[in-house]
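Down below is the structure, laid out as structure tokens.
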Amino acid sequence: MKSNQNLFRVFLLITDFILINFATKLAFLTRFQGMEYYEDAYLSLFLIFNLAWLGASLVNNVYNTDKLFDIREYASKLFYILFVQAFVVFLYIVSVKAQYLSRLYLLHAYLVTLGFLLGFRFIMHIIYQYYNSVTYSIRKIIIVGPGESADQMYEFFESKGTNVYRFLDEVVLDEKNPEAGQAAIAERIEELKRFCLSEGINEIYFSLPVTFAEIIEEMDNFADDNFIYFRIVTELRVLNQRKLNVSFFNQVMILSLRKEPLRNLGNQMLKRTFDVAFSALVLTTIFPMLYLIIGTLIKMESKGPVFFRQLRTGREGKDFLCYKFRTMRPSNDADNKQATKGDMRITRVGAFLRKTSLDEIPQFINVFLGHMSVVGPRPHMLKHTAEYSKIIDKYLFRHFITPGITGHAQINGFRGETEDPELMRKRVEYDSWYIENWSLFLDVKIVFLTVWNVFKGEERAY
């Protein structure tokens, strides 16, 4: 199944590239019919068009998903990808001063590209649905053993119109005397084999304890010899709806309930390199100018320091001093009371800084020092860590990695005030997803969307 998905991904990537180039060529011919001398001038644009599509689609994981033929998911991602691509093309036009490029042509190119890609994916969606219905109807499956997992699998295959059978589903296993149950089942294995051969079974799903090693090996050998797929069904309910990650220690199989990409030393070094480079660029270019301007405005409006420093919870629960431009008048409750909408403590300059997120710029100092990352779960006040860790499951999981200036929760609207536990639960949910799905492309995407949200404006930015 995994190899099939990889083949489909490659197929869709190649097909999309063909359609994109065909669409841009078609738009060119309709816009500049009989004017071939324009073609050389547009070759560089075609190259940028392709590279921008590749980068935007990889960053958005459009080909790295289990729902390759889900037309709704693809359509939602496609509009975002084309927007990013258009932004890159715009930067190219501005940087090389290519004002000669026709805006009407670009509009034609994007409309034709959108139509081709959506049309092709819709056709593939229909074909995939038909293929699935036919595949399920011709499969013959037998589920061996009792248990809730076996029951659910039977209901699923039956709902798909599959020829599905049960065997040994009436067995009651005695945990105190497993040998007796194993012996009783072993006596019926030959009956199971005869049934599989007589009915032309294609797949066997074995839902008996994995401790029945001899029976499992015997049935696996039988399945191999008769071109039958053999699968083992677990009864580990805690693993339901989780993506297992399998590793081996010598010959011992280790199961992990989540992906942990940032446990990998190479990924850690990659993320840290990005953080150092990005923070150094900000601190040596825009920060000195912002410090002079913003610092002067802060000092003119109210007494107190330019920077506000506060202890926040960092990686693995370790506290650190987090830097921000001061947005409030100095008070004694700064470490206990979070800013709220219409908060009288916020200065006029502070309101602007918070609305535009410019108050977070000094945190690039924290990034450079290694206390924070450019992207990661937002660090909270110590008071919030103590409170929410008691009432929200998995709250402390978000502290497995270095906190960030921006994060996956923030670009999805969960920023600002967190007095509502339900809002904090959603924030933890998004942060946990980020930890399990980290990639450098994802960090770049979050940075881009953070900048975009600043210009667009955010409802909860106060």
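We label chains A, B, ... in the order they appear in the structure tokens, count residues from 1 in each chain, and number ligands from 1 in the order shown.
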| said: So that I can check the secondary structure, give me every residue of stretch 18-185 of chain A assigned helix (DSSP H, G or I) by backbone DSSP, as a PyMOL selection string. | reply: chain A and resi 18-31+36-59+71-95+103-138+148-159+178-185
| said: Residues within 12 Å of A:His408, please, as an MDAnalysis selection string. Count only C-alpha atoms; anything in the same chain fewer than 5 positions from it doesn't count. | reply: chainID A and resid 374:378 398 403 413:415 426:438 442:450
Based on the selection just made, write N, CA and C atoms of those residues as a compact mmCIF listing (two decimals), in the first residue's frame.
# COMPACT_ATOMS: atom_id res chain seq x y z
N VAL A 374 12.32 30.26 16.04
CA VAL A 374 11.47 31.14 15.24
C VAL A 374 10.05 30.60 15.22
N VAL A 375 9.91 29.28 15.06
CA VAL A 375 8.60 28.63 15.02
C VAL A 375 8.53 27.55 16.10
N GLY A 376 7.44 27.53 16.81
CA GLY A 376 7.24 26.52 17.86
C GLY A 376 6.04 26.91 18.71
N PRO A 377 5.68 26.12 19.70
CA PRO A 377 4.58 26.50 20.60
C PRO A 377 4.92 27.78 21.35
N ARG A 378 3.97 28.68 21.47
CA ARG A 378 4.22 29.93 22.17
C ARG A 378 4.48 29.66 23.66
N ARG A 398 3.61 19.98 24.83
CA ARG A 398 4.06 21.06 23.96
C ARG A 398 5.42 21.60 24.38
N PRO A 403 10.15 26.60 22.56
CA PRO A 403 9.02 27.46 22.20
C PRO A 403 9.40 28.42 21.09
N GLY A 413 -5.37 31.10 14.27
CA GLY A 413 -6.27 31.99 15.02
C GLY A 413 -6.22 31.86 16.52
N PHE A 414 -5.42 30.92 17.06
CA PHE A 414 -5.39 30.71 18.51
C PHE A 414 -4.19 31.44 19.10
N ARG A 415 -4.38 32.74 19.30
CA ARG A 415 -3.34 33.58 19.87
C ARG A 415 -3.99 34.52 20.87
N LYS A 426 -7.52 23.83 22.23
CA LYS A 426 -7.31 23.89 20.78
C LYS A 426 -5.87 24.30 20.49
N ARG A 427 -5.33 25.22 21.25
CA ARG A 427 -3.94 25.63 21.05
C ARG A 427 -3.00 24.45 21.27
N VAL A 428 -3.25 23.69 22.32
CA VAL A 428 -2.42 22.50 22.61
C VAL A 428 -2.55 21.48 21.48
N GLU A 429 -3.76 21.34 20.95
CA GLU A 429 -3.99 20.39 19.85
C GLU A 429 -3.17 20.77 18.62
N TYR A 430 -3.18 22.05 18.27
CA TYR A 430 -2.40 22.51 17.11
C TYR A 430 -0.90 22.41 17.37
N ASP A 431 -0.47 22.74 18.58
CA ASP A 431 0.95 22.64 18.91
C ASP A 431 1.43 21.19 18.87
N SER A 432 0.60 20.27 19.34
CA SER A 432 0.96 18.85 19.32
C SER A 432 1.09 18.35 17.89
N TRP A 433 0.16 18.80 17.03
CA TRP A 433 0.25 18.41 15.62
C TRP A 433 1.55 18.90 15.01
N TYR A 434 1.94 20.11 15.34
CA TYR A 434 3.19 20.68 14.81
C TYR A 434 4.39 19.83 15.24
N ILE A 435 4.43 19.45 16.51
CA ILE A 435 5.56 18.67 17.02
C ILE A 435 5.67 17.34 16.28
N GLU A 436 4.53 16.72 15.98
CA GLU A 436 4.53 15.42 15.32
C GLU A 436 4.75 15.51 13.82
N ASN A 437 4.57 16.69 13.24
CA ASN A 437 4.66 16.82 11.79
C ASN A 437 5.69 17.84 11.35
N TRP A 438 6.66 18.14 12.22
CA TRP A 438 7.62 19.19 11.90
C TRP A 438 8.39 18.90 10.62
N LEU A 442 7.53 23.28 6.70
CA LEU A 442 6.42 23.73 7.54
C LEU A 442 6.79 25.00 8.29
N ASP A 443 8.01 25.09 8.79
CA ASP A 443 8.45 26.31 9.47
C ASP A 443 8.39 27.52 8.53
N VAL A 444 8.87 27.34 7.30
CA VAL A 444 8.86 28.43 6.33
C VAL A 444 7.42 28.84 6.03
N LYS A 445 6.55 27.87 5.89
CA LYS A 445 5.13 28.15 5.62
C LYS A 445 4.51 28.95 6.76
N ILE A 446 4.80 28.57 8.01
CA ILE A 446 4.24 29.26 9.17
C ILE A 446 4.75 30.69 9.25
N VAL A 447 6.04 30.88 8.95
CA VAL A 447 6.61 32.24 8.94
C VAL A 447 5.89 33.09 7.89
N PHE A 448 5.72 32.53 6.71
CA PHE A 448 5.03 33.27 5.62
C PHE A 448 3.61 33.64 6.03
N LEU A 449 2.86 32.68 6.60
CA LEU A 449 1.47 32.94 6.98
C LEU A 449 1.39 33.91 8.15
N THR A 450 2.40 33.92 9.02
CA THR A 450 2.42 34.87 10.12
C THR A 450 2.53 36.30 9.58
| query | To one decimal place, how far is atom CA of A:Ser207 from atom CA of A:Leu168 in Å? | reply |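 Value for the atom CA of A:Ser207-atom CA of A:Leu168 distance: 9.5 Å.
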Set the distance at 12 Å and use only C-alpha atoms: which residues neighbour A:Ser198 once local chain neighbours fewer than 6 positions away are removed? I'd like the list as a short mmCIF file (atom, residue, chain, number, x, y, z; two decimals) with C-alpha atoms, in the first residue's frame.
data_model
loop_
_atom_site.label_atom_id
_atom_site.label_comp_id
_atom_site.auth_asym_id
_atom_site.auth_seq_id
_atom_site.Cartn_x
_atom_site.Cartn_y
_atom_site.Cartn_z
CA LYS A 140 -12.88 -12.35 -0.30
CA GLU A 191 -10.45 -26.61 8.98
CA LEU A 192 -9.55 -22.94 8.46
CA ASN A 226 -1.37 -20.04 -1.57
#
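With distances restricted to only C-alpha atoms, A:Pro379 is the closest residue to A:Asp319 from A:Pro305, A:Pro379, A:Gly161, A:Gly147.
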| field | Which of A:Leu82, A:Ile228, A:Ile215, A:Ile142 sits closest to A:Phe195 [using only C-alpha atoms] | value |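 Going through A:Leu82, A:Ile228, A:Ile215, A:Ile142 one by one, the smallest distance to A:Phe195 is for A:Ile142.
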| said: For a test of reading the model, state the distance in Å between atom CA of A:Glu170 and atom CA of A:Asp151, rounded to one decimal. | reply: 11.5 Å
| said: Please compute the atom CA of A:Gln85-atom CA of A:Phe28 distance, one decimal, in Å. | reply: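 Rounded to one decimal, the two atoms are 18.0 Å apart.
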| task | Enumerate as a PyMOL selection string all residues of stretch 98-303 of chain A assigned to strand (DSSP E or B) by DSSP on the backbone, naming them with the chain letters and numbers the document uses. | result | chain A and resi 140-144+163-167+203-206+229-232+245-249+252-256
If you count only C-alpha atoms, which residues fall within 12 Å of A:Ala277, apart from same-chain ones fewer than 3 positions away, as a PDB file with N, CA, C and O atoms, in the first residue's frame?
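Generated output (selection11.pdb):
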ATOM      1  N   LEU A 270      19.270  21.164  11.685  1.00  0.00           N
ATOM      2  CA  LEU A 270      18.661  21.923  10.592  1.00  0.00           C
ATOM      3  C   LEU A 270      17.794  23.052  11.136  1.00  0.00           C
ATOM      4  O   LEU A 270      17.877  24.201  10.657  1.00  0.00           O
ATOM      5  N   LYS A 271      16.986  22.745  12.128  1.00  0.00           N
ATOM      6  CA  LYS A 271      16.099  23.757  12.713  1.00  0.00           C
ATOM      7  C   LYS A 271      16.910  24.847  13.418  1.00  0.00           C
ATOM      8  O   LYS A 271      16.613  26.042  13.291  1.00  0.00           O
ATOM      9  N   ARG A 272      17.965  24.446  14.141  1.00  0.00           N
ATOM     10  CA  ARG A 272      18.788  25.428  14.844  1.00  0.00           C
ATOM     11  C   ARG A 272      19.547  26.319  13.861  1.00  0.00           C
ATOM     12  O   ARG A 272      19.673  27.526  14.083  1.00  0.00           O
ATOM     13  N   THR A 273      20.020  25.758  12.776  1.00  0.00           N
ATOM     14  CA  THR A 273      20.700  26.552  11.752  1.00  0.00           C
ATOM     15  C   THR A 273      19.757  27.592  11.169  1.00  0.00           C
ATOM     16  O   THR A 273      20.128  28.764  10.981  1.00  0.00           O
ATOM     17  N   PHE A 274      18.531  27.183  10.883  1.00  0.00           N
ATOM     18  CA  PHE A 274      17.518  28.115  10.380  1.00  0.00           C
ATOM     19  C   PHE A 274      17.259  29.226  11.401  1.00  0.00           C
ATOM     20  O   PHE A 274      17.181  30.409  11.046  1.00  0.00           O
ATOM     21  N   ALA A 280      19.775  36.146  13.236  1.00  0.00           N
ATOM     22  CA  ALA A 280      20.929  37.012  12.974  1.00  0.00           C
ATOM     23  C   ALA A 280      20.592  38.035  11.896  1.00  0.00           C
ATOM     24  O   ALA A 280      20.979  39.211  11.993  1.00  0.00           O
ATOM     25  N   LEU A 281      19.847  37.594  10.873  1.00  0.00           N
ATOM     26  CA  LEU A 281      19.446  38.510   9.793  1.00  0.00           C
ATOM     27  C   LEU A 281      18.554  39.616  10.345  1.00  0.00           C
ATOM     28  O   LEU A 281      18.746  40.803  10.025  1.00  0.00           O
ATOM     29  N   VAL A 282      17.581  39.244  11.174  1.00  0.00           N
ATOM     30  CA  VAL A 282      16.665  40.245  11.744  1.00  0.00           C
ATOM     31  C   VAL A 282      17.407  41.190  12.684  1.00  0.00           C
ATOM     32  O   VAL A 282      17.227  42.415  12.632  1.00  0.00           O
ATOM     33  N   LEU A 283      18.262  40.647  13.545  1.00  0.00           N
ATOM     34  CA  LEU A 283      18.956  41.462  14.550  1.00  0.00           C
ATOM     35  C   LEU A 283      19.976  42.422  13.938  1.00  0.00           C
ATOM     36  O   LEU A 283      20.295  43.450  14.538  1.00  0.00           O
ATOM     37  N   THR A 284      20.500  42.085  12.766  1.00  0.00           N
ATOM     38  CA  THR A 284      21.518  42.945  12.152  1.00  0.00           C
ATOM     39  C   THR A 284      20.953  43.879  11.080  1.00  0.00           C
ATOM     40  O   THR A 284      21.680  44.727  10.560  1.00  0.00           O
ATOM     41  N   PHE A 364      13.708  37.692  18.991  1.00  0.00           N
ATOM     42  CA  PHE A 364      14.775  37.155  18.140  1.00  0.00           C
ATOM     43  C   PHE A 364      16.103  37.105  18.902  1.00  0.00           C
ATOM     44  O   PHE A 364      16.989  36.330  18.544  1.00  0.00           O
ATOM     45  N   VAL A 367      15.841  33.832  20.446  1.00  0.00           N
ATOM     46  CA  VAL A 367      16.102  32.804  19.428  1.00  0.00           C
ATOM     47  C   VAL A 367      17.600  32.636  19.222  1.00  0.00           C
ATOM     48  O   VAL A 367      18.128  31.522  19.202  1.00  0.00           O
ATOM     49  N   PHE A 368      18.301  33.758  19.079  1.00  0.00           N
ATOM     50  CA  PHE A 368      19.745  33.709  18.848  1.00  0.00           C
ATOM     51  C   PHE A 368      20.464  33.061  20.026  1.00  0.00           C
ATOM     52  O   PHE A 368      21.447  32.326  19.841  1.00  0.00           O
ATOM     53  N   SER A 373      12.771  29.391  19.507  1.00  0.00           N
ATOM     54  CA  SER A 373      12.927  29.100  18.088  1.00  0.00           C
ATOM     55  C   SER A 373      12.065  30.099  17.319  1.00  0.00           C
ATOM     56  O   SER A 373      11.186  30.744  17.900  1.00  0.00           O
ATOM     57  N   VAL A 374      12.325  30.260  16.043  1.00  0.00           N
ATOM     58  CA  VAL A 374      11.472  31.143  15.237  1.00  0.00           C
ATOM     59  C   VAL A 374      10.047  30.596  15.223  1.00  0.00           C
ATOM     60  O   VAL A 374       9.074  31.340  15.394  1.00  0.00           O
TER      61      VAL A 374
END
